[in-house]
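To be precise, the following lines are start05.txt, and they hold compact mmCIF, C-alpha atoms.
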# COMPACT_ATOMS: atom_id res chain seq x y z
CA MET A 7 -46.52 -8.75 4.41
CA SER A 8 -43.85 -9.28 7.09
CA LYS A 9 -43.19 -12.78 5.76
CA LYS A 10 -42.41 -11.33 2.34
CA LYS A 11 -39.99 -8.78 3.82
CA LYS A 12 -38.27 -11.53 5.76
CA GLN A 13 -37.79 -13.55 2.59
CA GLU A 14 -36.35 -10.53 0.78
CA ALA A 15 -33.92 -9.92 3.65
CA GLU A 16 -32.70 -13.51 3.47
CA LEU A 17 -32.12 -13.25 -0.26
CA THR A 18 -28.43 -12.55 -0.84
CA LEU A 19 -26.19 -12.33 -3.86
CA LYS A 20 -24.84 -15.79 -3.15
CA ASN A 21 -28.35 -17.25 -3.17
CA SER A 22 -29.43 -15.43 -6.29
CA ILE A 23 -26.55 -16.38 -8.63
CA ASN A 24 -25.08 -19.64 -9.78
CA ALA A 25 -22.55 -21.19 -7.37
CA ASP A 26 -19.92 -21.40 -10.12
CA LEU A 27 -20.33 -17.75 -10.94
CA PHE A 28 -20.06 -16.86 -7.26
CA GLU A 29 -16.79 -18.81 -6.97
CA GLN A 30 -15.44 -17.09 -10.09
CA LEU A 31 -16.24 -13.71 -8.57
CA LYS A 32 -14.54 -14.66 -5.30
CA ASN A 33 -11.45 -15.84 -7.18
CA LYS A 34 -11.37 -12.66 -9.25
CA LYS A 35 -11.60 -10.58 -6.07
CA LYS A 36 -8.65 -12.46 -4.55
CA GLU A 37 -6.68 -12.01 -7.77
CA LEU A 38 -7.36 -8.27 -7.84
CA GLU A 39 -6.34 -7.95 -4.19
CA GLN A 40 -3.06 -9.73 -4.95
CA VAL A 41 -2.40 -7.42 -7.91
CA GLU A 42 -3.05 -4.42 -5.67
CA GLU A 43 -0.63 -5.77 -3.05
CA VAL A 44 2.07 -6.20 -5.72
CA LYS A 45 1.53 -2.63 -6.95
CA LYS A 46 1.80 -1.26 -3.41
CA GLU A 47 5.02 -3.19 -2.80
CA GLU A 48 6.52 -1.97 -6.09
CA GLU A 49 5.58 1.63 -5.21
CA ARG A 50 7.19 1.26 -1.77
CA GLN A 51 10.38 -0.10 -3.34
CA ARG A 52 10.45 2.69 -5.91
CA LYS A 53 10.12 5.35 -3.21
CA ALA A 54 12.87 3.71 -1.16
CA GLU A 55 15.16 3.71 -4.21
CA GLU A 56 14.39 7.39 -4.86
CA ARG A 57 15.27 8.25 -1.25
CA LYS A 58 18.50 6.30 -1.57
CA GLN A 59 19.41 8.16 -4.79
CA ARG A 60 18.63 11.56 -3.25
CA GLU A 61 20.81 10.72 -0.24
CA LYS A 62 23.58 9.52 -2.53
CA ASN A 63 23.53 12.74 -4.58
CA LYS A 64 23.60 15.17 -1.64
CA SER A 65 26.48 17.56 -1.39
CA PHE A 66 28.74 17.76 1.64
CA GLU A 67 27.05 21.02 2.64
CA GLU A 68 23.59 19.41 2.63
CA LEU A 69 24.83 16.48 4.69
CA LEU A 70 26.53 18.85 7.12
CA ASN A 71 23.38 20.95 7.51
CA GLU A 72 21.26 17.85 8.19
CA SER A 73 23.65 16.58 10.83
CA ASP A 74 22.48 16.97 14.42
CA MET A 75 26.01 17.22 15.75
CA ASN A 76 27.12 20.58 17.11
CA TRP A 77 30.14 21.37 14.95
CA GLU A 78 31.08 24.42 17.02
CA ASN A 79 32.40 22.06 19.71
CA TYR A 80 34.99 20.74 17.28
CA LYS A 81 36.16 24.12 15.93
CA LYS A 82 38.26 24.96 18.98
Target format structure tokens, applied to this file:
Amino acid sequence: MSKKKKQEAELTLKNSINADLFEQLKNKKKELEQVEEVKKEEERQRKAEERKQREKNKSFEELLNESDMNWENYKK
């Protein structure tokens, strides 16, 4: 009985399917990972562009309020 369990444990997906099919699956996985990387990069660029547009469209008051300078020192 233990010999049978050992054989089942050694049986893997790679051993049970055709080598060509296994290579196709590996290639498809790499392709999908690359597509995911491209999507992430495009999303990052889109968010950066949105931030740039928001900053560009801010009013003087918004920019002044976000400034960390103490404007009271310059009023005198």
Next item on the list: Grab the CA of Arg57 in chain A to CA of Glu43 in chain A distance for me, in Å with one decimal place.
Entry: 21.3 Å
Next item on the list: Provide the CA of Glu48 in chain A to CA of Lys36 in chain A distance in Å, to one decimal place.
Entry: 18.5 Å
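For the atom pair formed by CA of Ile23 in chain A and CA of Val41 in chain A, the distance is 25.8 Å, given to one decimal.
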